[in-house]
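Peer 1: Sharing a structure with you now.
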Amino acid sequence: LVSNAGVASAQDPLRYRGYALQSSLAVVAETSGTPAATAKTLHERPAKLQELTWRQPYTAKDAMGADPVRDILFAFHDGQLYQVLVTYERSRVEGLTDADLIESFSTVYGAPVLHSRTGPRAASSGLDIPSDTVMVARWEGTDSSVVLIRGIFSPGLQLILTSKALNTHARAAIANAIRLDANEAPQREIDERTRNAAAATALQSKARVQNKAAF
């Protein structure tokens with residue numbers, strides 16, 4: 001589940017496999033083999049917020065030793081990685097108990113500081129946890145945290161690696177971006193109507209010239 005990662009202490013910045021928080025989009029794209037051009041821009045201001053998704057190539061469900069990761073969503077604030085959301089293939093985590101999962105992840109992150117806490121919010125993690133999930137465990141570094149959650153009604157399992165400082169900035173930027181979009185929505189609607197009217201007028205003028213010459 002968390003192979004290729006060194007054992008972390010409470011003072012170390014936490015990471016997931018080869019992905020380190022605060023890495024640039026270019027570095028994450030190169031490490032994951034995902035083209036940087038496929039990154040999706042969510043907001044341009046007051047900060048640039050982007051997402052890059054890596055998906056596991058197809059492997060047979062019964063393949064022995066297959067990587068259980070289904071996909072990874074990387075979130076960036078002004079070009080810096082602030083959050084990693086790992087989603088595991090359900091068929092490859094089905095049957096695993098919370099104790100199994102904690103034992104596996106603890107070999108990398110050490111003993112968890114909290115486990116088996118339900119949503120909607122993981123205490124002091126600064127993350128909104130869906131109400132239909134339960135927190136299996138949480139690990140803390142100086143400026144980063146790892147939260148492992150699973151679905152209450154399904155075997156779905158996800159890991160969230162977050163930079164505490166960058167996540168605070170990103171959440172504030174998202175809130176401000178939503179506010180700016182809402183404030184500017186009326187003017188954007190006016191501008192859109194003006195553009196549409198101008199385009200319609202241009203088409204009519206073109207049709208007039210063509211039809212007049214042929215009439």
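Chain lettering (A, B, ...) mirrors the order of the structure tokens, residue numbering begins at 1 for each chain separately, and ligand numbering begins at 1 in order of display.
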Find the residues around Ala20 in chain A up to 10 Å (only C-alpha atoms counted), leave out those fewer than 3 positions away in its own chain, and share them as a ChimeraX atom specification.
Peer 2: /A:13-17,23-24,27-28,81-84,161,163
Peer 1: Please measure the separation of CA of Thr53 in chain A and CA of Thr34 in chain A, giving the value in Å to one decimal.
Peer 2: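 It comes out at 7.6 Å.
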Peer 1: Nearest to Glu140 in chain A: which of A:Pro155, A:Pro46, A:Gly95, A:Pro112 is it, counting only C-alpha atoms?
Peer 2: A:Pro112
Peer 1: From the set A:Ala165, A:Ala39, A:Ile152, A:Ile102, which residue has the shortest atom-to-atom contact distance to Ala137 in chain A, counting only C-alpha atoms?
Peer 2: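 Looking only at the distances to Ala137 in chain A, the closest residue turns out to be A:Ile102.
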Peer 1: Could you pull the residues within 8 Å of Leu49 in chain A, counting only C-alpha atoms, minus those fewer than 6 positions along the same chain, as a VMD selection string?
Peer 2: chain A and resid 41 to 43 75 to 79 170 174
Peer 1: Go ahead and write the selection's residues with N, CA and C atoms as a tab-separated table (two decimals), in the first residue's frame.
Peer 2:
```tsv
chain	number	residue	atom	x	y	z
A	41	THR	N	-6.77	23.42	-14.25
A	41	THR	CA	-6.73	24.64	-13.44
A	41	THR	C	-8.13	24.91	-12.90
A	42	LEU	N	-8.24	24.96	-11.58
A	42	LEU	CA	-9.52	25.18	-10.92
A	42	LEU	C	-9.80	26.66	-10.72
A	43	HIS	N	-8.76	27.41	-10.32
A	43	HIS	CA	-8.88	28.85	-10.11
A	43	HIS	C	-7.57	29.52	-10.50
A	75	ALA	N	-2.89	17.93	-5.73
A	75	ALA	CA	-3.43	19.29	-5.68
A	75	ALA	C	-2.29	20.28	-5.46
A	76	PHE	N	-2.30	21.38	-6.22
A	76	PHE	CA	-1.22	22.36	-6.19
A	76	PHE	C	-1.74	23.75	-5.86
A	77	HIS	N	-0.97	24.47	-5.04
A	77	HIS	CA	-1.25	25.87	-4.73
A	77	HIS	C	-0.07	26.69	-5.25
A	78	ASP	N	-0.33	27.53	-6.26
A	78	ASP	CA	0.74	28.30	-6.90
A	78	ASP	C	1.93	27.43	-7.27
A	79	GLY	N	1.64	26.28	-7.86
A	79	GLY	CA	2.68	25.40	-8.37
A	79	GLY	C	3.33	24.48	-7.35
A	170	ALA	N	-4.38	27.23	0.64
A	170	ALA	CA	-5.22	26.77	-0.47
A	170	ALA	C	-6.70	26.90	-0.12
A	174	ILE	N	-9.32	29.16	-2.17
A	174	ILE	CA	-10.54	28.61	-2.77
A	174	ILE	C	-11.76	29.41	-2.33
```
Peer 1: What does the distance between CA of Gly18 in chain A and CA of Lys48 in chain A come to in Å, to one decimal place?
Peer 2: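 Spanning CA of Gly18 in chain A to CA of Lys48 in chain A is a straight-line distance of 23.9 Å.
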Peer 1: Pull the strand (DSSP E) assignments for range 8-169 of chain A out of DSSP run on the backbone, and list those residues as a PyMOL selection string.
Peer 2: chain A and resi 15-16+19-20+40-43+49-55+69-77+80-88+114-118+133-140+144-151+157-163
Peer 1: Find, counting only C-alpha atoms, the residue in A:Gly151, A:Ala36, A:Leu157, A:Val134 that gets nearest to Ser91 in chain A.
Peer 2: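 Among the listed residues, the smallest separation from Ser91 in chain A belongs to A:Leu157.
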